[in-house]
Amino acid sequence: MISQPKYHISKKGLKVWRIHAVFEFFILLLFAAAVSVLTFFFDWPEWIYAICLGVLIADVFFGIYLFPKIRWNHWRYEVREQEIEIQQGLFIIKRTLVPMVRVQHVDTSQGPILKHYCLASMSISTAATIHTIPAITEQEADQLRVRISELARVAEDDV
Amino acid sequence: MSKEVNHLHPIAMVISFFASLKSIIIPGIVILLGRGFHYSLHPDSQYFINTLITFAVIFFVIFFILMTAIIKWKRFVYWFEDEELRIEYGLFVKKKRYIPFERIQSLNYKEGIYHRLFKLVKVSIETAADSGGKSEADLIAITRAQAEAIEQEMKKTKLRMIQQSTQEQGIDQKAIVSEPTELETNRSIIHRMSTKDLLVLATTSSGIGVVFSGLAAITSQFDDWIPYERIYGELQSFIRFGVFMIVIAVLIFLLVSWVVSVVITFVNHYGFTVEKEEDKLFISKGLLEKKRITIPMKRIQGIRIVENPLRQLFGYATVVIESAGSSGEKGEQKIVMLPLVKKQQGVVILEKLFPEEQWHLPLHHAPKRALLRYMFRHLYWLTPIVAVVSYITFPYGLWSILLLPLALLLGIWQHRSAGYAISNQQLTIVYRGVSKITFVTSKKRLQAISLSQSYFAKRRDLATITVHIMSGSSGSMATIKHFDQVALEKVFEWYRPKSHGSIDAKE
């Protein structure tokens, strides 16, 4: 078994994911409400109410509580001299290796929620793929960005 | 440097005129007929004025397009200056585009029917710049001599670059002297498709279509076995007739589309030739419309050998090149290098072209314990669909149950085909969708590798690996599923840059 990447993403990232999940829950809630209203007016069978309720409860438990937690536990990354390694996934755990030489550019981005928690997400682009580290602290993001661009440049000279 | 300005051949006007005309003809017809056909040339008719106006508008539009084409042609000039290809064009706004010759990756030629009549070519100039699958500049129609001049100019520049760099490095004069002769004459034919291969390619090109018409023919035989009489009683004759008609119609449709595709494939691939000159590949093809594309060897990121089941049966394969940048045809990332060759012959050609790669590495296969997962991988999604189809279109839908054992067999087949091999610098991955694909790339071309594992796979020590390379203007990937975890971790470690150990200790 090869060793895992060292670092977790920020603990606050979990909070941010939960907030996103709550927004999604509200969208789902609106949808469920619409279905319930239609059911009421058009005399659709009553088990539809039960399904709506069931879906909402399931979303609260899985979508807001459980899945973000599992996802956070699985999320790990490590930026080394020669490579970036990322581990992520909910049911399927995926580990990705990107050599520094292949990195073309690094972007950081920050939505309002991330900003509130002083977090940022960082995207690492190669010629073929984009890899995102979702929630790391601003300083860490800045440091990483500088480091990666330095390392990537050095590596480029070698080739 | 001479500043001798070149125009396109006047036929470019005709080509761009018809091109713009073609682009408006369908919307035009829709607009004209959209309100019903109320046109008349009879002076007393209430539509007379309307008709005149319509004619005037059509005339004006055509006139406008014609003028545009003429002005565009007049304003489009190109010349060579300071080792650049300089182009000026633009209808109202004058645009200039200067392309340094050293930046030009490839010149792709295309000869349409107009071009053939006047012995002209369309030249697409491609650079490494990623302009979304479009070439950097198109010279719609120039004479072959002019095209030759561009190529010469480009070679001259590159030659000068070589001389400069060799002088800088202080290499003796001999090397420089020998360089030009090499640049002039080193084009060798790698592969030319024989008429027989071309015919086989054309007839098996829509392999699926053939299989389907075959299947339809077989299923129509089942009519005898189905007890229509008992099921449908009085409806039987009607339904039998209906089914018969549908089967016949489908068969005819498939046959016609097959014949059409055979003709199209034949015309498109006629005279398919692969040539190599120094570090470039040239692929030319076409009967009515000739095309020639150029692929710099160093831009080739990976190679796929594709064997579809029908062709695999006869030992044939297709070889596809994945190249960085947009050097393919429009909208095509992958460039077919050998549309149809006997596999062994293809491998011989590849060995010649890419001597540093190995084409006969022994493969590691998926372990036996993964067989069940391969068998059932299609059933997970197929079974619900079959159930729904069977339920909705009962009883005919029940035939879809036949798909389930087929899917199972496909899974077993995929298990047997899948494999991988690593050597020092090279990775070979073999997998099967329906066609068997052998994907060969080298470590330095890989952009990223992912190793993934579900909970259930982990319990059985199985994993999936995906590798990414650059292809076209984006990426392309290859995946093998359900291989031994420890073995795939070795691939992962193989890809990890070497000096890692010492660096990690430092941290």
# chains A, B, ... in the order shown; residues from 1 in each chain; ligands from 1

$ interface_residues --of "chain B" --to "chain A" --cutoff "6 Å" --atoms "only C-alpha atoms" --output "PyMOL selection string"
chain B and resi 447-454+469-470+474-475

$ residues_around --residues "segment 86-99 of chain B" --least-positions-apart "5" --cutoff "8 Å" --atoms "only C-alpha atoms" --output "NGL selection string"
:B and (68 or 71-72 or 75-81 or 104)

$ write_last_selection --atoms "C-alpha atoms" --output "PDB file, in the first residue's frame"
ATOM      1  CA  THR B  68     -18.160  41.200 -50.484  1.00  0.00           C
ATOM      2  CA  ILE B  71     -13.611  43.118 -52.057  1.00  0.00           C
ATOM      3  CA  LYS B  72     -12.408  40.442 -49.659  1.00  0.00           C
ATOM      4  CA  ARG B  75      -7.936  43.185 -49.869  1.00  0.00           C
ATOM      5  CA  PHE B  76      -6.429  39.828 -49.001  1.00  0.00           C
ATOM      6  CA  VAL B  77      -2.724  39.959 -49.606  1.00  0.00           C
ATOM      7  CA  TYR B  78       0.204  38.066 -48.213  1.00  0.00           C
ATOM      8  CA  TRP B  79       3.933  38.394 -48.550  1.00  0.00           C
ATOM      9  CA  PHE B  80       7.160  37.260 -46.959  1.00  0.00           C
ATOM     10  CA  GLU B  81       9.141  39.685 -44.877  1.00  0.00           C
ATOM     11  CA  ILE B 104       4.537  27.363 -38.192  1.00  0.00           C
TER      12      ILE B 104
END

$ select_by_dssp --residues "segment 27-139 of chain A" --states "helix (DSSP H, G or I)" --output "number ranges by chain"
A: 27-42, 47-74, 100-102, 112-116, 138-139

$ residues_around --residues "Gln143 of chain A" --least-positions-apart "6" --cutoff "12 Å" --atoms "only C-alpha atoms" --output "PyMOL selection string"
chain A and resi 79+106+108+120+122+136-137+149-151

$ write_last_selection --atoms "all heavy atoms" --output "compact mmCIF listing (two decimals), in the first residue's frame"
# COMPACT_ATOMS: atom_id res chain seq x y z
N VAL A 79 1.79 18.70 -1.94
CA VAL A 79 2.58 19.29 -3.01
C VAL A 79 4.04 19.05 -2.69
O VAL A 79 4.54 19.54 -1.69
CB VAL A 79 2.30 20.80 -3.13
CG1 VAL A 79 3.17 21.43 -4.21
CG2 VAL A 79 0.83 21.03 -3.44
N VAL A 106 -1.67 27.77 -12.50
CA VAL A 106 -2.43 27.56 -11.26
C VAL A 106 -3.37 28.74 -11.09
O VAL A 106 -2.98 29.89 -11.25
CB VAL A 106 -1.47 27.50 -10.05
CG1 VAL A 106 -2.22 27.11 -8.81
CG2 VAL A 106 -0.35 26.54 -10.31
N THR A 108 -6.34 30.46 -8.44
CA THR A 108 -7.11 30.36 -7.21
C THR A 108 -8.41 31.11 -7.41
O THR A 108 -8.44 32.12 -8.11
CB THR A 108 -6.38 30.96 -5.99
OG1 THR A 108 -5.77 32.18 -6.39
CG2 THR A 108 -5.33 30.02 -5.46
N ALA A 120 -9.99 29.49 0.01
CA ALA A 120 -9.94 29.63 -1.44
C ALA A 120 -9.84 28.25 -2.05
O ALA A 120 -9.45 27.29 -1.37
CB ALA A 120 -8.74 30.47 -1.86
N MET A 122 -8.21 26.06 -5.32
CA MET A 122 -7.08 26.22 -6.22
C MET A 122 -7.17 25.20 -7.34
O MET A 122 -7.37 24.02 -7.09
CB MET A 122 -5.80 26.02 -5.43
CG MET A 122 -4.59 26.46 -6.17
SD MET A 122 -3.16 26.47 -5.10
CE MET A 122 -2.77 24.76 -5.08
N ILE A 136 -8.80 25.47 0.91
CA ILE A 136 -7.61 25.64 1.73
C ILE A 136 -7.55 27.10 2.16
O ILE A 136 -8.19 27.96 1.55
CB ILE A 136 -6.31 25.26 0.97
CG1 ILE A 136 -6.34 25.86 -0.44
CG2 ILE A 136 -6.16 23.76 0.88
CD1 ILE A 136 -5.12 25.53 -1.25
N THR A 137 -6.82 27.39 3.22
CA THR A 137 -6.78 28.77 3.71
C THR A 137 -6.11 29.66 2.67
O THR A 137 -5.32 29.20 1.87
CB THR A 137 -5.99 28.87 5.03
OG1 THR A 137 -4.66 28.44 4.77
CG2 THR A 137 -6.62 28.01 6.11
N SER A 149 4.25 27.57 -8.96
CA SER A 149 4.71 28.25 -10.17
C SER A 149 6.24 28.28 -10.21
O SER A 149 6.84 28.13 -11.26
CB SER A 149 4.12 29.64 -10.29
OG SER A 149 4.51 30.42 -9.19
N GLU A 150 6.87 28.41 -9.02
CA GLU A 150 8.34 28.34 -8.99
C GLU A 150 8.84 26.97 -9.42
O GLU A 150 9.67 26.84 -10.31
CB GLU A 150 8.85 28.61 -7.57
CG GLU A 150 9.36 30.01 -7.36
CD GLU A 150 9.58 30.27 -5.89
OE1 GLU A 150 9.80 29.30 -5.14
OE2 GLU A 150 9.52 31.45 -5.49
N LEU A 151 8.27 25.95 -8.76
CA LEU A 151 8.72 24.58 -9.03
C LEU A 151 8.44 24.20 -10.47
O LEU A 151 9.27 23.58 -11.13
CB LEU A 151 8.01 23.60 -8.09
CG LEU A 151 8.43 23.68 -6.63
CD1 LEU A 151 7.52 22.82 -5.78
CD2 LEU A 151 9.87 23.26 -6.48

$ atom_distance --atom1 "atom CA of Lys74 of chain B" --atom2 "atom CA of Pro10 of chain B"
9.0 Å

$ residues_around --residues "Lys15 of chain A" --least-positions-apart "5" --cutoff "12 Å" --atoms "only C-alpha atoms" --output "ChimeraX atom specification"
/A:9-10,20-22,64-65,68-69,72,113-114,116-117,119,135

$ write_last_selection --atoms "all heavy atoms" --output "CSV table (one decimal), in the first residue's frame"
chain,number,residue,atom,x,y,z
A,9,ILE,N,-7.7,19.0,3.7
A,9,ILE,CA,-8.0,20.4,3.4
A,9,ILE,C,-8.6,21.0,4.7
A,9,ILE,O,-8.8,20.3,5.7
A,9,ILE,CB,-9.1,20.5,2.3
A,9,ILE,CG1,-10.3,19.6,2.6
A,9,ILE,CG2,-8.5,20.1,1.0
A,9,ILE,CD1,-11.4,19.8,1.7
A,10,SER,N,-8.8,22.3,4.7
A,10,SER,CA,-9.2,23.0,5.9
A,10,SER,C,-10.5,22.5,6.5
A,10,SER,O,-11.4,22.1,5.8
A,10,SER,CB,-9.3,24.5,5.6
A,10,SER,OG,-10.0,25.1,6.7
A,20,HIS,N,-23.2,24.8,1.3
A,20,HIS,CA,-23.6,24.5,-0.1
A,20,HIS,C,-24.8,23.5,-0.1
A,20,HIS,O,-25.8,23.6,-0.8
A,20,HIS,CB,-22.5,24.0,-0.9
A,20,HIS,CG,-21.6,25.1,-1.4
A,20,HIS,ND1,-22.0,26.0,-2.3
A,20,HIS,CD2,-20.3,25.4,-1.1
A,20,HIS,CE1,-21.0,26.8,-2.6
A,20,HIS,NE2,-20.0,26.5,-1.9
A,21,ALA,N,-24.6,22.4,0.8
A,21,ALA,CA,-25.6,21.4,0.8
A,21,ALA,C,-26.9,21.9,1.3
A,21,ALA,O,-28.0,21.5,0.8
A,21,ALA,CB,-25.1,20.2,1.7
A,22,VAL,N,-26.9,22.9,2.2
A,22,VAL,CA,-28.1,23.5,2.7
A,22,VAL,C,-28.8,24.2,1.6
A,22,VAL,O,-30.0,24.1,1.5
A,22,VAL,CB,-27.8,24.4,3.9
A,22,VAL,CG1,-29.0,25.2,4.3
A,22,VAL,CG2,-27.4,23.6,5.1
A,64,ILE,N,-26.4,16.6,3.7
A,64,ILE,CA,-25.8,17.6,4.6
A,64,ILE,C,-24.9,17.0,5.6
A,64,ILE,O,-23.8,17.6,5.9
A,64,ILE,CB,-26.9,18.5,5.3
A,64,ILE,CG1,-27.8,19.1,4.2
A,64,ILE,CG2,-26.4,19.5,6.3
A,64,ILE,CD1,-29.0,19.9,4.8
A,65,TYR,N,-25.3,15.9,6.2
A,65,TYR,CA,-24.4,15.4,7.3
A,65,TYR,C,-23.4,14.4,6.8
A,65,TYR,O,-22.2,14.7,6.9
A,65,TYR,CB,-25.3,14.7,8.4
A,65,TYR,CG,-24.5,14.0,9.4
A,65,TYR,CD1,-23.7,14.7,10.3
A,65,TYR,CD2,-24.4,12.6,9.4
A,65,TYR,CE1,-22.9,14.0,11.2
A,65,TYR,CE2,-23.6,11.9,10.3
A,65,TYR,CZ,-22.8,12.7,11.2
A,65,TYR,OH,-22.0,12.0,12.1
A,68,PRO,N,-20.7,15.0,3.1
A,68,PRO,CA,-19.6,16.0,3.2
A,68,PRO,C,-18.5,15.5,4.2
A,68,PRO,O,-17.3,15.6,4.0
A,68,PRO,CB,-20.2,17.2,3.8
A,68,PRO,CG,-21.6,17.1,3.3
A,68,PRO,CD,-22.0,15.7,3.3
A,69,LYS,N,-19.0,14.8,5.3
A,69,LYS,CA,-18.1,14.3,6.2
A,69,LYS,C,-17.1,13.2,5.6
A,69,LYS,O,-15.9,13.3,5.8
A,69,LYS,CB,-18.9,13.6,7.4
A,69,LYS,CG,-18.0,13.3,8.6
A,69,LYS,CD,-18.9,12.8,9.7
A,69,LYS,CE,-18.1,11.7,10.4
A,69,LYS,NZ,-18.4,11.5,11.8
A,72,TRP,N,-14.8,14.8,3.2
A,72,TRP,CA,-13.7,15.6,3.8
A,72,TRP,C,-12.7,14.6,4.3
A,72,TRP,O,-11.5,14.9,4.2
A,72,TRP,CB,-14.3,16.4,5.0
A,72,TRP,CG,-13.3,17.4,5.5
A,72,TRP,CD1,-13.1,18.6,5.0
A,72,TRP,CD2,-12.3,17.1,6.5
A,72,TRP,NE1,-12.0,19.2,5.7
A,72,TRP,CE2,-11.6,18.3,6.6
A,72,TRP,CE3,-12.0,16.1,7.4
A,72,TRP,CZ2,-10.5,18.4,7.6
A,72,TRP,CZ3,-11.0,16.2,8.3
A,72,TRP,CH2,-10.3,17.3,8.4
A,113,ILE,N,-18.9,32.6,-0.1
A,113,ILE,CA,-18.9,31.8,1.1
A,113,ILE,C,-17.5,31.5,1.5
A,113,ILE,O,-17.1,31.6,2.7
A,113,ILE,CB,-19.7,30.5,0.9
A,113,ILE,CG1,-21.1,30.8,0.5
A,113,ILE,CG2,-19.7,29.7,2.2
A,113,ILE,CD1,-21.9,29.6,0.1
A,114,LEU,N,-16.7,31.0,0.5
A,114,LEU,CA,-15.3,30.7,0.8
A,114,LEU,C,-14.6,32.0,1.4
A,114,LEU,O,-13.8,31.9,2.3
A,114,LEU,CB,-14.6,30.3,-0.5
A,114,LEU,CG,-14.8,28.9,-0.9
A,114,LEU,CD1,-14.2,28.6,-2.3
A,114,LEU,CD2,-14.4,27.9,0.1
A,116,HIS,N,-15.8,34.4,3.1
A,116,HIS,CA,-16.3,34.6,4.5
A,116,HIS,C,-15.4,33.8,5.5
A,116,HIS,O,-15.1,34.2,6.6
A,116,HIS,CB,-17.7,34.3,4.6
A,116,HIS,CG,-18.3,34.5,6.0
A,116,HIS,ND1,-18.4,33.5,6.9
A,116,HIS,CD2,-18.6,35.7,6.6
A,116,HIS,CE1,-18.9,34.0,8.1
A,116,HIS,NE2,-19.0,35.4,7.9
A,117,TYR,N,-15.0,32.6,5.0
A,117,TYR,CA,-14.2,31.8,5.9
A,117,TYR,C,-12.7,31.9,5.6
A,117,TYR,O,-11.9,31.1,6.1
A,117,TYR,CB,-14.7,30.3,5.8
A,117,TYR,CG,-16.0,30.0,6.4
A,117,TYR,CD1,-17.2,30.0,5.7
A,117,TYR,CD2,-16.1,29.8,7.8
A,117,TYR,CE1,-18.4,29.8,6.3
A,117,TYR,CE2,-17.3,29.6,8.4
A,117,TYR,CZ,-18.5,29.6,7.6
A,117,TYR,OH,-19.7,29.4,8.2
A,119,LEU,N,-11.2,31.2,2.9
A,119,LEU,CA,-10.7,30.0,2.2
A,119,LEU,C,-10.6,30.4,0.7
A,119,LEU,O,-11.2,31.4,0.3
A,119,LEU,CB,-11.7,28.9,2.4
A,119,LEU,CG,-11.8,28.3,3.8
A,119,LEU,CD1,-12.8,27.2,3.9
A,119,LEU,CD2,-10.5,27.8,4.3
A,135,ALA,N,-10.8,23.6,-0.7
A,135,ALA,CA,-10.9,24.5,0.4
A,135,ALA,C,-9.7,24.5,1.2
A,135,ALA,O,-9.5,23.7,2.1
A,135,ALA,CB,-12.1,24.2,1.3

$ residues_around --residues "Tyr7 of chain A" --least-positions-apart "3" --cutoff "8 Å" --atoms "only C-alpha atoms" --output "list in words"
Arg76, Tyr77 and Glu78 of chain A

$ select_by_dssp --residues "segment 14-156 of chain A" --states "strand (DSSP E)" --output "ChimeraX atom specification"
/A:76-79,83-88,92-99,105-109,119-125,130-137

$ write_last_selection --atoms "C-alpha atoms" --output "PDB file, in the first residue's frame"
ATOM      1  CA  ARG A  76      -5.989  14.761   1.040  1.00  0.00           C
ATOM      2  CA  TYR A  77      -3.315  16.493  -0.947  1.00  0.00           C
ATOM      3  CA  GLU A  78       0.387  17.008  -0.937  1.00  0.00           C
ATOM      4  CA  VAL A  79       2.580  19.293  -3.014  1.00  0.00           C
ATOM      5  CA  GLU A  83       4.790  16.257  -8.063  1.00  0.00           C
ATOM      6  CA  ILE A  84       1.368  17.074  -6.763  1.00  0.00           C
ATOM      7  CA  GLU A  85      -0.701  14.294  -5.322  1.00  0.00           C
ATOM      8  CA  ILE A  86      -4.398  14.501  -4.656  1.00  0.00           C
ATOM      9  CA  GLN A  87      -6.777  12.029  -3.090  1.00  0.00           C
ATOM     10  CA  GLN A  88     -10.506  12.508  -3.230  1.00  0.00           C
ATOM     11  CA  ILE A  92     -14.740   5.703  -5.085  1.00  0.00           C
ATOM     12  CA  ILE A  93     -11.466   7.021  -3.789  1.00  0.00           C
ATOM     13  CA  LYS A  94      -9.351   8.467  -6.523  1.00  0.00           C
ATOM     14  CA  ARG A  95      -5.688   9.332  -6.250  1.00  0.00           C
ATOM     15  CA  THR A  96      -4.142  11.537  -8.870  1.00  0.00           C
ATOM     16  CA  LEU A  97      -0.506  12.207  -9.536  1.00  0.00           C
ATOM     17  CA  VAL A  98       0.507  15.301 -11.490  1.00  0.00           C
ATOM     18  CA  PRO A  99       4.215  15.860 -12.089  1.00  0.00           C
ATOM     19  CA  HIS A 105      -0.783  27.217 -14.647  1.00  0.00           C
ATOM     20  CA  VAL A 106      -2.427  27.565 -11.264  1.00  0.00           C
ATOM     21  CA  ASP A 107      -5.599  29.523 -10.518  1.00  0.00           C
ATOM     22  CA  THR A 108      -7.112  30.359  -7.207  1.00  0.00           C
ATOM     23  CA  SER A 109     -10.733  31.351  -6.916  1.00  0.00           C
ATOM     24  CA  LEU A 119     -10.713  30.049   2.220  1.00  0.00           C
ATOM     25  CA  ALA A 120      -9.944  29.630  -1.440  1.00  0.00           C
ATOM     26  CA  SER A 121      -9.997  26.859  -3.976  1.00  0.00           C
ATOM     27  CA  MET A 122      -7.082  26.220  -6.217  1.00  0.00           C
ATOM     28  CA  SER A 123      -7.099  24.764  -9.725  1.00  0.00           C
ATOM     29  CA  ILE A 124      -4.013  23.200 -11.218  1.00  0.00           C
ATOM     30  CA  SER A 125      -4.100  22.905 -15.003  1.00  0.00           C
ATOM     31  CA  ILE A 130      -7.650  20.402 -14.427  1.00  0.00           C
ATOM     32  CA  HIS A 131      -7.357  19.399 -10.773  1.00  0.00           C
ATOM     33  CA  THR A 132      -9.004  21.399  -8.035  1.00  0.00           C
ATOM     34  CA  ILE A 133      -8.136  21.518  -4.370  1.00  0.00           C
ATOM     35  CA  PRO A 134     -11.402  22.847  -2.993  1.00  0.00           C
ATOM     36  CA  ALA A 135     -10.930  24.545   0.387  1.00  0.00           C
ATOM     37  CA  ILE A 136      -7.607  25.637   1.729  1.00  0.00           C
ATOM     38  CA  THR A 137      -6.783  28.766   3.712  1.00  0.00           C
TER      39      THR A 137
END
